[in-house]
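> So I've got this file, protein-v9.txt, and it contains compact mmCIF, C-alpha atoms and all ligand atoms:
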# COMPACT_ATOMS: atom_id res chain seq x y z
CA MET L 24 34.51 -16.65 -5.93
CA GLN L 25 32.02 -14.82 -3.73
CA GLY L 26 34.49 -14.66 -0.83
CA PHE L 27 37.29 -13.58 -3.16
CA CYS L 28 35.25 -10.65 -4.54
CA LYS L 29 34.16 -9.61 -1.08
CA ARG L 30 37.74 -9.64 0.27
CA TRP L 31 38.95 -7.40 -2.57
CA ALA L 32 36.00 -5.06 -2.08
CA LEU L 33 36.92 -4.79 1.61
CA LEU L 34 40.38 -3.47 0.72
CA LEU L 35 38.76 -0.41 -0.89
CA LEU L 36 36.96 0.66 2.28
CA PRO L 37 38.13 3.33 4.77
CA LEU L 38 39.63 1.77 7.94
CA ALA L 39 36.69 2.38 10.30
CA THR L 40 34.26 1.02 7.73
CA LEU L 41 36.57 -1.92 7.09
CA ALA L 42 36.60 -2.77 10.79
CA GLU L 43 32.80 -2.65 10.87
CA ALA L 44 32.55 -4.84 7.75
CA VAL L 45 34.89 -7.43 9.27
CA GLN L 46 32.92 -7.30 12.53
CA SER L 47 29.60 -7.92 10.75
CA SER L 48 31.08 -10.66 8.51
CA GLU L 49 32.14 -12.45 11.68
CA LEU L 50 28.66 -12.02 13.16
CA ALA L 51 27.15 -13.62 10.06
CA ALA L 52 29.70 -16.45 9.95
CA ARG L 53 28.94 -17.28 13.57
CA GLN L 54 25.31 -17.87 12.57
CA SER L 55 26.25 -19.67 9.31
CA ILE L 56 24.41 -16.93 7.42
CA PRO L 57 25.90 -15.85 4.05
CA SER L 58 27.10 -12.25 3.91
CA PRO L 59 25.89 -10.33 2.06
CA ALA L 60 22.77 -12.49 2.04
CA VAL L 61 20.48 -12.53 -1.01
CA ILE L 62 16.95 -12.99 0.34
CA ALA L 63 14.33 -13.65 -2.34
CA HIS L 64 11.37 -11.62 -1.11
CA ARG L 65 8.23 -13.74 -1.66
CA GLY L 66 10.42 -15.61 -4.16
CA ALA L 67 11.60 -13.92 -7.35
CA SER L 68 8.42 -11.87 -7.14
CA PHE L 69 9.31 -9.21 -9.71
CA ASP L 70 9.25 -11.80 -12.48
CA ALA L 71 6.61 -14.25 -11.24
CA PRO L 72 3.52 -14.17 -9.01
CA GLU L 73 4.64 -13.72 -5.42
CA SER L 74 4.80 -16.74 -3.09
CA THR L 75 3.98 -19.25 -5.84
CA ALA L 76 6.01 -22.19 -7.15
CA ALA L 77 7.09 -20.12 -10.18
CA ALA L 78 8.56 -17.40 -7.94
CA TYR L 79 10.29 -19.81 -5.56
CA LEU L 80 11.65 -22.13 -8.28
CA LEU L 81 13.03 -19.12 -10.11
CA ALA L 82 14.68 -17.70 -6.98
CA ARG L 83 16.21 -21.08 -6.16
CA ASP L 84 17.53 -21.67 -9.66
CA LEU L 85 18.97 -18.15 -9.86
CA GLY L 86 21.00 -18.93 -6.73
CA ALA L 87 19.35 -16.85 -3.99
CA ASP L 88 20.58 -17.68 -0.49
CA TYR L 89 17.11 -17.66 1.08
CA LEU L 90 13.49 -17.99 -0.04
CA GLU L 91 11.47 -15.48 1.99
CA LEU L 92 7.90 -16.26 2.95
CA ASP L 93 5.07 -14.85 5.02
CA LEU L 94 3.62 -17.64 7.10
CA GLN L 95 -0.07 -17.88 7.94
CA ARG L 96 -2.30 -20.78 9.04
CA SER L 97 -5.41 -22.09 7.35
CA LYS L 98 -8.66 -22.69 9.23
CA ASP L 99 -7.80 -26.39 9.42
CA GLY L 100 -4.29 -25.82 10.71
CA VAL L 101 -2.05 -26.02 7.63
CA LEU L 102 0.84 -23.54 7.34
CA VAL L 103 0.71 -21.58 4.08
CA ALA L 104 2.60 -18.67 2.47
CA VAL L 105 0.48 -15.56 1.89
CA HIS L 106 1.61 -11.98 2.44
CA ASP L 107 -1.59 -9.97 2.89
CA ASP L 108 -4.07 -10.65 5.66
CA THR L 109 -6.77 -11.10 3.00
CA LEU L 110 -6.67 -12.79 -0.40
CA GLN L 111 -8.11 -10.12 -2.69
CA ARG L 112 -4.95 -8.61 -4.14
CA THR L 113 -3.29 -11.87 -5.15
CA SER L 114 -6.10 -14.27 -6.00
CA ASP L 115 -9.57 -14.68 -7.48
CA VAL L 116 -11.19 -14.99 -4.05
CA ALA L 117 -13.75 -12.30 -4.97
CA GLN L 118 -15.07 -14.52 -7.78
CA ARG L 119 -14.75 -17.85 -5.96
CA PHE L 120 -15.97 -16.84 -2.49
CA PRO L 121 -17.63 -13.41 -2.93
CA GLU L 122 -19.27 -13.44 0.48
CA ARG L 123 -15.89 -14.08 2.17
CA LYS L 124 -13.65 -11.97 -0.04
CA ASP L 125 -12.58 -9.76 2.88
CA SER L 126 -12.12 -12.61 5.35
CA PRO L 127 -8.64 -13.32 6.69
CA VAL L 128 -6.54 -16.16 5.27
CA SER L 129 -7.14 -18.04 8.53
CA ALA L 130 -10.88 -18.24 7.73
CA PHE L 131 -10.26 -20.56 4.74
CA THR L 132 -9.46 -24.28 4.77
CA VAL L 133 -6.36 -25.37 2.92
CA ALA L 134 -8.59 -26.99 0.26
CA GLU L 135 -10.32 -23.65 -0.27
CA LEU L 136 -7.01 -21.81 -0.44
CA LYS L 137 -5.66 -24.39 -2.88
CA SER L 138 -8.72 -23.90 -5.10
CA LEU L 139 -7.84 -20.24 -5.72
CA ASP L 140 -5.97 -18.92 -8.75
CA ALA L 141 -2.96 -17.11 -7.26
CA GLY L 142 -1.27 -16.40 -10.58
CA SER L 143 -3.62 -14.65 -13.02
CA TRP L 144 -3.69 -11.38 -11.05
CA PHE L 145 0.02 -10.99 -11.88
CA ASN L 146 -0.62 -11.20 -15.63
CA GLN L 147 -3.22 -8.45 -15.32
CA ALA L 148 -1.08 -6.25 -13.04
CA HIS L 149 2.12 -6.75 -15.07
CA PRO L 150 1.21 -7.51 -18.71
CA GLU L 151 4.83 -6.95 -19.78
CA ARG L 152 5.90 -9.88 -17.58
CA ALA L 153 2.79 -12.03 -18.05
CA ARG L 154 3.10 -15.72 -18.92
CA GLU L 155 0.47 -18.27 -19.83
CA GLY L 156 1.98 -20.66 -17.31
CA PHE L 157 1.24 -18.33 -14.41
CA LYS L 158 -2.52 -18.81 -14.79
CA GLY L 159 -3.96 -21.02 -12.09
CA LEU L 160 -0.88 -21.12 -9.87
CA GLN L 161 -1.74 -22.19 -6.34
CA ILE L 162 -1.08 -20.85 -2.88
CA LEU L 163 1.71 -22.98 -1.40
CA THR L 164 2.02 -24.77 1.90
CA LEU L 165 5.21 -24.49 3.92
CA ASP L 166 5.94 -28.12 3.09
CA GLU L 167 5.72 -27.41 -0.63
CA ILE L 168 8.20 -24.55 -0.28
CA MET L 169 10.53 -26.87 1.64
CA ASP L 170 10.19 -29.34 -1.25
CA ILE L 171 11.27 -26.61 -3.68
CA ALA L 172 14.21 -25.59 -1.48
CA GLU L 173 15.33 -29.24 -1.33
CA GLY L 174 14.54 -30.05 -4.95
CA HIS L 175 17.65 -28.98 -6.89
CA PRO L 176 20.84 -31.05 -7.09
CA ASP L 177 23.19 -28.08 -6.41
CA LYS L 178 21.12 -25.08 -5.33
CA ARG L 179 19.99 -25.38 -1.71
CA PRO L 180 18.51 -22.09 -0.52
CA GLY L 181 17.49 -21.64 3.07
CA LEU L 182 14.11 -20.40 4.23
CA TYR L 183 13.60 -16.95 5.76
CA ILE L 184 10.21 -17.28 7.44
CA GLU L 185 8.08 -14.42 8.76
CA THR L 186 5.20 -15.03 11.15
CA LYS L 187 2.58 -12.79 9.54
CA GLU L 188 -0.52 -11.75 11.45
CA PRO L 189 0.50 -14.11 14.30
CA THR L 190 -2.36 -12.86 16.49
CA PHE L 191 -4.82 -14.40 13.97
CA SER L 192 -3.14 -17.78 14.46
CA PRO L 193 -2.25 -18.30 18.11
CA GLY L 194 0.28 -21.11 18.48
CA ILE L 195 1.65 -20.70 14.95
CA GLU L 196 5.18 -20.56 16.39
CA ALA L 197 4.83 -24.07 17.87
CA ASP L 198 3.25 -25.35 14.66
CA LEU L 199 6.18 -23.98 12.69
CA LYS L 200 8.65 -25.70 14.95
CA ALA L 201 6.80 -29.00 14.51
CA ARG L 202 6.96 -28.79 10.70
CA LEU L 203 10.60 -27.70 10.61
CA ARG L 204 11.57 -30.46 13.00
CA ALA L 205 9.57 -33.10 11.11
CA ARG L 206 11.47 -32.20 7.94
CA GLY L 207 14.91 -32.05 9.59
CA TRP L 208 15.30 -28.34 8.97
CA LEU L 209 16.23 -27.52 12.55
CA ASP L 210 19.44 -29.54 12.29
CA LYS L 211 20.99 -27.34 9.61
CA PRO L 212 22.74 -24.22 10.98
CA GLY L 213 21.80 -21.03 9.13
CA ARG L 214 19.37 -22.87 6.83
CA VAL L 215 16.37 -21.21 8.50
CA VAL L 216 16.05 -17.62 9.68
CA LEU L 217 12.90 -16.56 11.52
CA GLN L 218 11.53 -13.03 11.35
CA SER L 219 8.63 -10.99 12.67
CA PHE L 220 7.46 -7.42 13.22
CA ASP L 221 5.70 -8.79 16.30
CA ARG L 222 8.00 -8.85 19.33
CA ASN L 223 5.76 -11.27 21.16
CA SER L 224 5.82 -13.71 18.26
CA LEU L 225 9.61 -13.41 18.02
CA THR L 226 9.91 -14.18 21.73
CA LEU L 227 7.71 -17.26 21.27
CA LEU L 228 9.82 -18.35 18.29
CA HIS L 229 12.89 -17.99 20.48
CA GLN L 230 11.32 -20.06 23.26
CA HIS L 231 10.46 -22.84 20.80
CA MET L 232 13.62 -22.68 18.66
CA PRO L 233 16.39 -21.00 20.66
CA GLN L 234 19.11 -22.29 18.30
CA VAL L 235 17.56 -20.80 15.12
CA PRO L 236 18.63 -17.25 14.14
CA LYS L 237 15.92 -14.65 14.46
CA VAL L 238 15.44 -11.14 13.10
CA LEU L 239 13.16 -8.38 14.42
CA LEU L 240 11.65 -6.45 11.52
CA LEU L 241 11.71 -2.68 12.10
CA TRP L 242 9.03 -0.18 11.16
CA ILE L 243 8.32 3.44 12.05
CA GLY L 244 4.79 4.18 13.18
CA LYS L 245 2.17 3.56 15.83
CA GLY L 246 3.14 0.62 18.00
CA TYR L 247 6.62 0.47 16.50
CA ILE L 248 9.55 2.94 16.41
CA GLU L 249 8.07 6.27 17.48
CA PRO L 250 8.46 8.84 14.70
CA ALA L 251 9.75 12.38 15.17
CA SER L 252 6.58 13.73 13.61
CA GLY L 253 3.22 12.68 14.98
CA GLN L 254 1.55 13.56 11.67
CA SER L 255 -0.48 10.90 9.91
CA PHE L 256 -0.25 10.44 6.14
CA ALA L 257 -3.60 12.24 5.74
CA GLU L 258 -2.37 15.21 7.81
CA SER L 259 1.01 15.36 6.09
CA GLY L 260 -0.21 16.62 2.72
CA GLU L 261 2.28 14.32 0.95
CA ARG L 262 1.34 13.16 -2.56
CA ASP L 263 1.90 9.47 -1.91
CA LYS L 264 2.77 7.07 0.87
CA ALA L 265 6.37 6.61 -0.32
CA ALA L 266 7.02 10.36 -0.03
CA PHE L 267 5.43 10.35 3.42
CA TYR L 268 7.50 7.37 4.60
CA ALA L 269 10.70 8.88 3.18
CA ARG L 270 10.31 11.79 5.60
CA GLN L 271 9.83 9.59 8.66
CA GLN L 272 12.65 9.55 11.22
CA PRO L 273 12.85 7.99 14.67
CA LYS L 274 11.91 10.45 17.42
CA ASP L 275 15.58 10.44 18.44
CA ASN L 276 18.61 8.15 18.38
CA ALA L 277 17.68 6.69 21.75
CA GLU L 278 14.32 5.56 20.36
CA PHE L 279 16.07 3.67 17.55
CA GLU L 280 18.50 2.15 20.04
CA ARG L 281 15.57 1.08 22.23
CA TRP L 282 14.31 -1.10 19.37
CA LEU L 283 17.71 -2.69 18.91
CA ASP L 284 17.58 -3.59 22.58
CA TYR L 285 14.06 -4.99 22.14
CA ALA L 286 15.45 -7.15 19.33
CA LYS L 287 18.18 -8.49 21.57
CA ASP L 288 15.75 -9.06 24.44
CA ALA L 289 13.54 -11.14 22.14
CA GLY L 290 16.53 -13.32 21.19
CA ALA L 291 17.22 -11.80 17.76
CA ILE L 292 20.62 -11.98 16.10
CA GLY L 293 19.71 -9.17 13.75
CA THR L 294 17.18 -6.63 12.58
CA GLY L 295 15.25 -6.21 9.35
CA PRO L 296 14.88 -2.46 8.81
CA SER L 297 12.97 -0.78 6.00
CA ALA L 298 14.59 1.19 3.17
CA THR L 299 13.61 4.19 1.09
CA ARG L 300 13.79 3.41 -2.62
CA THR L 301 15.15 6.03 -4.99
CA ALA L 302 12.25 5.47 -7.38
CA GLY L 303 9.59 5.35 -4.65
CA GLY L 304 6.68 2.98 -5.14
CA SER L 305 4.56 0.79 -2.91
CA GLN L 306 7.51 -0.93 -1.20
CA SER L 307 9.43 2.27 -0.40
CA TYR L 308 9.39 3.07 3.30
CA ALA L 309 11.37 4.98 5.95
CA ASP L 310 15.16 4.90 5.69
CA LEU L 311 16.15 2.82 8.71
CA VAL L 312 19.54 1.80 7.29
CA GLN L 313 21.43 5.03 7.75
CA PRO L 314 25.15 4.35 8.43
CA TRP L 315 24.89 5.33 12.12
CA MET L 316 21.98 2.94 12.59
CA ASN L 317 23.89 0.03 11.04
CA LYS L 318 27.00 0.87 13.04
CA LEU L 319 25.00 0.90 16.26
CA SER L 320 23.39 -2.42 15.32
CA HIS L 321 26.76 -4.01 14.62
CA ASP L 322 28.21 -2.64 17.84
CA LYS L 323 25.39 -4.41 19.66
CA GLY L 324 26.20 -7.64 17.83
CA LEU L 325 23.21 -7.46 15.49
CA LEU L 326 23.20 -8.16 11.76
CA VAL L 327 21.20 -5.89 9.43
CA HIS L 328 19.04 -7.35 6.64
CA VAL L 329 17.21 -4.55 4.85
CA TYR L 330 13.82 -4.81 3.08
CA THR L 331 13.00 -4.45 0.14
CA VAL L 332 15.46 -3.21 -2.49
CA ASP L 333 15.39 -3.97 -6.21
CA GLU L 334 17.53 -1.47 -8.12
CA THR L 335 21.30 -1.19 -8.53
CA VAL L 336 21.36 2.40 -7.27
CA ASP L 337 19.71 1.25 -4.04
CA PHE L 338 21.83 -1.92 -3.71
CA ALA L 339 24.89 0.35 -3.82
CA LYS L 340 23.39 2.77 -1.31
CA VAL L 341 22.42 0.21 1.31
CA MET L 342 25.63 -1.79 0.91
CA ALA L 343 27.68 1.38 1.37
CA ALA L 344 25.63 2.09 4.49
CA GLY L 345 26.78 -1.24 5.88
CA VAL L 346 23.92 -3.75 5.61
CA ASP L 347 24.65 -7.50 5.76
CA GLY L 348 21.83 -8.76 3.56
CA ILE L 349 19.05 -7.58 1.28
CA PHE L 350 15.47 -8.68 0.82
CA THR L 351 14.82 -8.24 -2.87
CA ASN L 352 12.07 -9.02 -5.38
CA ARG L 353 14.82 -9.16 -8.02
CA SER L 354 17.31 -11.79 -6.89
CA ALA L 355 18.92 -11.91 -10.33
CA GLN L 356 19.70 -8.19 -10.29
CA LEU L 357 21.19 -8.41 -6.81
CA LEU L 358 23.25 -11.51 -7.65
CA ARG L 359 24.66 -9.70 -10.69
CA TYR L 360 25.44 -6.65 -8.56
CA LEU L 361 27.28 -8.88 -6.07
CA SER L 362 29.34 -10.51 -8.87
CA ARG L 363 27.41 -13.77 -8.52
CA PRO L 364 25.68 -13.72 -11.93
CA PRO L 365 23.24 -16.56 -12.59
CA ALA L 366 24.17 -18.88 -15.48
CA LEU L 367 20.72 -18.46 -17.03
CA ASN L 368 18.57 -15.34 -16.99
CA GLU L 369 15.09 -15.03 -15.50
CA ALA L 370 13.20 -15.69 -18.75
CA GLN L 371 15.35 -18.71 -19.60
CA ILE L 372 14.75 -20.28 -16.17
CA LEU L 373 11.00 -19.63 -16.23
CA THR L 374 10.72 -21.17 -19.69
CA ALA L 375 12.86 -24.15 -18.69
CA SER L 376 10.59 -24.64 -15.65
CA GLY L 377 7.55 -24.79 -17.92
CA TYR L 378 6.03 -21.36 -17.25
O1 LIG G 1 9.99 -9.75 5.75
C1 LIG G 1 10.71 -8.66 5.28
C2 LIG G 1 9.75 -7.85 4.53
O2 LIG G 1 9.10 -8.80 3.74
C3 LIG G 1 8.79 -7.18 5.43
O3 LIG G 1 7.80 -6.59 4.72
O4 LIG G 1 5.44 -6.50 4.25
O5 LIG G 1 6.97 -7.43 2.57
O6 LIG G 1 6.44 -8.71 4.60
P1 LIG G 1 6.62 -7.35 4.00
CA CA G 2 7.83 -10.64 4.70
Starting from the file, give its structure as C-alpha cells.
Ligand code: G3P
Ligand code: CA


Amino acid sequence: MQGFCKRWALLLLPLATLAEAVQSSELAARQSIPSPAVIAHRGASFDAPESTAAAYLLARDLGADYLELDLQRSKDGVLVAVHDDTLQRTSDVAQRFPERKDSPVSAFTVAELKSLDAGSWFNQAHPERAREGFKGLQILTLDEIMDIAEGHPDKRPGLYIETKEPTFSPGIEADLKARLRARGWLDKPGRVVLQSFDRNSLTLLHQHMPQVPKVLLLWIGKGYIEPASGQSFAESGERDKAAFYARQQPKDNAEFERWLDYAKDAGAIGTGPSATRTAGGSQSYADLVQPWMNKLSHDKGLLVHVYTVDETVDFAKVMAAGVDGIFTNRSAQLLRYLSRPPALNEAQILTASGY
C-alpha cells in the first residue's frame, strides 16, 4: 500500500523533480532504508516522556520505521538513551542527587540512572497529555530498547542511533558495535542507522561498522556549517532562538557543499539537516532542507533525513523540498500524512500498554 501511494504521488511531480525522487528512492532501496522513512524522535515523544519505554512502545505499535535514540554511556560502561548531557530537564536528579544535579550522564552508574524518575517531569510540563502511568518511568539501556524493537509479532522497527556527547565517552563507538553484534543487529540490512553531529565519531563508527548506513547530522554555527552572519543570538536582537535560527544561512553554497563532502568522507550515506518549523518552538532551527540543498545531496548520492518536524504543514513543505525521511516526535501524525494510518490512535495504544 505504501509503495502504491508513493508511485501515484510520483506521477504528480514535474519531470525534474520526478527524476530526483526516483534517484533518491533508489539510494534508499540500496541501503534497505524505507523511503520516506518515519523516524520516531526519542520515541513517540510528543505523547509520552522522551526516550522511555512508553515512548518507544508507542512508536513501535504505531508503525514507525525507526526508533531514534541518543546514546550515552554510564560511569560503569552501560549504554543508555538520554538526550541532554545532564539529567535535570528529564528526571528528578535534582531531588535524588542534589550535589551532582549538573554532572554529565557519564558521571552516574547505571543503577543510579535507573533509580531516577524519568517520567513525572512530562506530566508537569504537559498536563494535557499527562498520564498516571508515566510516573516513575526509567531511563532505558540500549538493550532494553532493542527488546522493545524486537518485542512485537508484526511491527519490527529499526534503530536510528546517535552518538551523543561522544567526547565524554571515548570508545563508545566500539562499545556500540559490541552490543549490536551480540544481539545480531549487524546482520540485518537497514535495521540500524548510525548518526552523529561529530565527524570524528562518525568516522569511528564507519571504521567499526563499515556495512551499517551512517548519517552526518548538519547544524549551522560555530564548529559546524559556517553561517553567513557572524552574529550571535545575543547580538542579533531576535526575540527567541527559533527566530534567530530561522534567519541563519550557510555562508555560501560552497560551504554547504563542503559539509556534504565531509559526510561522504566520513562514510555517510546521507545527511540529517535541521528544519525551520512554521510554528517555531524549541526544536525549530535553520532551514537546511531547501530544494537546492536536497538536490545537491542527492546528486552526490546522499539521502536526506530532516530533523525534527511534527506538523502537517511542515511535513508537506519538507517532502515537497525533496527529503527522504523525517525525524518526528509525532509518528502518528506523519504516518497519517503518508497514508499509513495506524489502526489504533495514540491514546488507545498507551492505554492498551498500561500507561
Ligand atoms: O538525531 C536527529 C536529531 O535528534 C538531532 O537533534 O538534538 O534532537 O538529538 P537532537
Ligand atoms: Ca538525536

> Between range 34-97 of chain L and range 337-346 of chain L, at 12 Å or less, what are the per-residue closest atom pairs and their distances in Å? Count only C-alpha atoms, order by chain and rising residue number, and return it as a tab-separated table.


residue	atom	partner	partner_atom	distance
L:Leu35	CA	L:Ala343	CA	11.4
L:Leu36	CA	L:Ala343	CA	9.4
L:Pro37	CA	L:Ala343	CA	11.2
L:Ala39	CA	L:Gly345	CA	11.4
L:Thr40	CA	L:Gly345	CA	8.0
L:Leu41	CA	L:Gly345	CA	9.9
L:Ala42	CA	L:Gly345	CA	11.1
L:Glu43	CA	L:Gly345	CA	7.9
L:Ala44	CA	L:Gly345	CA	7.1
L:Val45	CA	L:Gly345	CA	10.8
L:Gln46	CA	L:Gly345	CA	10.9
L:Ser47	CA	L:Val346	CA	8.7
L:Ser48	CA	L:Val346	CA	10.4
L:Ala51	CA	L:Val346	CA	11.3
L:Ser58	CA	L:Val346	CA	9.2
L:Pro59	CA	L:Val346	CA	7.7
L:Ala60	CA	L:Val346	CA	9.5
L:Val61	CA	L:Phe338	CA	11.0

> Where does chain L meet ligand LIG 1 (chain G) within 10 Å, residue by residue, with the nearest atom pair and distance in Å to one decimal for each, counting only C-alpha atoms and all ligand atoms, listed by chain and rising number, as a Markdown table?


| residue | atom | partner | partner_atom | distance |
| --- | --- | --- | --- | --- |
| L:Ile62 | CA | G:LIG1 | C1 | 9.1 |
| L:Ala63 | CA | G:LIG1 | O2 | 9.4 |
| L:His64 | CA | G:LIG1 | O2 | 6.1 |
| L:Arg65 | CA | G:LIG1 | O2 | 7.4 |
| L:Glu91 | CA | G:LIG1 | O1 | 7.0 |
| L:Leu92 | CA | G:LIG1 | O1 | 7.4 |
| L:Asp93 | CA | G:LIG1 | O6 | 6.3 |
| L:Leu94 | CA | G:LIG1 | O6 | 9.7 |
| L:Val105 | CA | G:LIG1 | O6 | 9.5 |
| L:His106 | CA | G:LIG1 | O6 | 6.2 |
| L:Asp107 | CA | G:LIG1 | O4 | 8.0 |
| L:Tyr183 | CA | G:LIG1 | O1 | 8.1 |
| L:Ile184 | CA | G:LIG1 | O1 | 7.7 |
| L:Glu185 | CA | G:LIG1 | O1 | 5.9 |
| L:Thr186 | CA | G:LIG1 | O1 | 8.9 |
| L:Lys187 | CA | G:LIG1 | O6 | 7.5 |
| L:Leu217 | CA | G:LIG1 | O1 | 9.4 |
| L:Gln218 | CA | G:LIG1 | O1 | 6.7 |
| L:Ser219 | CA | G:LIG1 | O1 | 7.2 |
| L:Phe220 | CA | G:LIG1 | C3 | 7.9 |
| L:Val238 | CA | G:LIG1 | O1 | 9.3 |
| L:Leu239 | CA | G:LIG1 | O1 | 9.3 |
| L:Leu240 | CA | G:LIG1 | C1 | 6.7 |
| L:Leu241 | CA | G:LIG1 | C3 | 8.6 |
| L:Trp242 | CA | G:LIG1 | C3 | 9.0 |
| L:Thr294 | CA | G:LIG1 | C1 | 10.0 |
| L:Gly295 | CA | G:LIG1 | C1 | 6.6 |
| L:Pro296 | CA | G:LIG1 | C1 | 8.3 |
| L:Ser297 | CA | G:LIG1 | C3 | 7.7 |
| L:Gln306 | CA | G:LIG1 | O5 | 7.5 |
| L:Tyr308 | CA | G:LIG1 | O3 | 9.9 |
| L:His328 | CA | G:LIG1 | C1 | 8.5 |
| L:Val329 | CA | G:LIG1 | C1 | 7.7 |
| L:Tyr330 | CA | G:LIG1 | C2 | 5.3 |
| L:Thr331 | CA | G:LIG1 | C2 | 6.4 |
| L:Ile349 | CA | G:LIG1 | C1 | 9.3 |
| L:Phe350 | CA | G:LIG1 | C1 | 6.5 |
| L:Thr351 | CA | G:LIG1 | O2 | 8.8 |
| L:Asn352 | CA | G:LIG1 | O5 | 9.6 |

> Just checking: using only C-alpha atoms and all ligand atoms, which residue out of L:Glu369, L:Glu73, L:Glu249, L:Glu278 ends up closest to ligand CA 2 (chain G)?

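Of L:Glu369, L:Glu73, L:Glu249, L:Glu278, the one nearest ligand CA 2 (chain G) is L:Glu73, counting only C-alpha atoms and all ligand atoms.
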
> Hey, what's within 9 Å of range 281-287 of chain L if we count only C-alpha atoms and toss same-chain stuff fewer than 5 positions away? As an NGL selection string, please?

:L and (222 or 225 or 237-241 or 247-248 or 276 or 292-294 or 319-320 or 323-325)

> Taking only C-alpha atoms and all ligand atoms into account, which of L:Ala251, L:Thr109, L:Ala104, L:Thr374 comes nearest ligand CA 2 (chain G)?

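Checking each of L:Ala251, L:Thr109, L:Ala104, L:Thr374 against ligand CA 2 (chain G), counting only C-alpha atoms and all ligand atoms, the winner is L:Ala104.
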
> Using only C-alpha atoms and all ligand atoms, which of L:Leu160, L:Ala366, L:Leu182, L:Leu80 sits nearest ligand CA 2 (chain G)?

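For ligand CA 2 (chain G), the nearest of the given residues is L:Leu182.
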
> Kindly give the distance, in Å, that separates CA of Leu227 in chain L and CA of Leu163 in chain L, rounded to a single decimal.

24.1 Å

> With all atoms listed in the file as the counted atoms, please give the residues lying no more than 12 Å from Pro180 in chain L, apart from itself and same-chain residues fewer than 2 positions off, as a PDB file with C-alpha atoms, in the frame of the given file.


ATOM      1  CA  ILE L  56      24.410 -16.930   7.420  1.00  0.00           C
ATOM      2  CA  PRO L  57      25.900 -15.850   4.050  1.00  0.00           C
ATOM      3  CA  ALA L  60      22.770 -12.490   2.040  1.00  0.00           C
ATOM      4  CA  VAL L  61      20.480 -12.530  -1.010  1.00  0.00           C
ATOM      5  CA  ILE L  62      16.950 -12.990   0.340  1.00  0.00           C
ATOM      6  CA  ALA L  63      14.330 -13.650  -2.340  1.00  0.00           C
ATOM      7  CA  GLY L  66      10.420 -15.610  -4.160  1.00  0.00           C
ATOM      8  CA  TYR L  79      10.290 -19.810  -5.560  1.00  0.00           C
ATOM      9  CA  LEU L  80      11.650 -22.130  -8.280  1.00  0.00           C
ATOM     10  CA  LEU L  81      13.030 -19.120 -10.110  1.00  0.00           C
ATOM     11  CA  ALA L  82      14.680 -17.700  -6.980  1.00  0.00           C
ATOM     12  CA  ARG L  83      16.210 -21.080  -6.160  1.00  0.00           C
ATOM     13  CA  ASP L  84      17.530 -21.670  -9.660  1.00  0.00           C
ATOM     14  CA  LEU L  85      18.970 -18.150  -9.860  1.00  0.00           C
ATOM     15  CA  GLY L  86      21.000 -18.930  -6.730  1.00  0.00           C
ATOM     16  CA  ALA L  87      19.350 -16.850  -3.990  1.00  0.00           C
ATOM     17  CA  ASP L  88      20.580 -17.680  -0.490  1.00  0.00           C
ATOM     18  CA  TYR L  89      17.110 -17.660   1.080  1.00  0.00           C
ATOM     19  CA  LEU L  90      13.490 -17.990  -0.040  1.00  0.00           C
ATOM     20  CA  GLU L  91      11.470 -15.480   1.990  1.00  0.00           C
ATOM     21  CA  ILE L 168       8.200 -24.550  -0.280  1.00  0.00           C
ATOM     22  CA  MET L 169      10.530 -26.870   1.640  1.00  0.00           C
ATOM     23  CA  ASP L 170      10.190 -29.340  -1.250  1.00  0.00           C
ATOM     24  CA  ILE L 171      11.270 -26.610  -3.680  1.00  0.00           C
ATOM     25  CA  ALA L 172      14.210 -25.590  -1.480  1.00  0.00           C
ATOM     26  CA  GLU L 173      15.330 -29.240  -1.330  1.00  0.00           C
ATOM     27  CA  GLY L 174      14.540 -30.050  -4.950  1.00  0.00           C
ATOM     28  CA  HIS L 175      17.650 -28.980  -6.890  1.00  0.00           C
ATOM     29  CA  PRO L 176      20.840 -31.050  -7.090  1.00  0.00           C
ATOM     30  CA  ASP L 177      23.190 -28.080  -6.410  1.00  0.00           C
ATOM     31  CA  LYS L 178      21.120 -25.080  -5.330  1.00  0.00           C
ATOM     32  CA  LEU L 182      14.110 -20.400   4.230  1.00  0.00           C
ATOM     33  CA  TYR L 183      13.600 -16.950   5.760  1.00  0.00           C
ATOM     34  CA  TRP L 208      15.300 -28.340   8.970  1.00  0.00           C
ATOM     35  CA  LYS L 211      20.990 -27.340   9.610  1.00  0.00           C
ATOM     36  CA  GLY L 213      21.800 -21.030   9.130  1.00  0.00           C
ATOM     37  CA  ARG L 214      19.370 -22.870   6.830  1.00  0.00           C
ATOM     38  CA  VAL L 215      16.370 -21.210   8.500  1.00  0.00           C
ATOM     39  CA  VAL L 216      16.050 -17.620   9.680  1.00  0.00           C
TER      40      VAL L 216
END
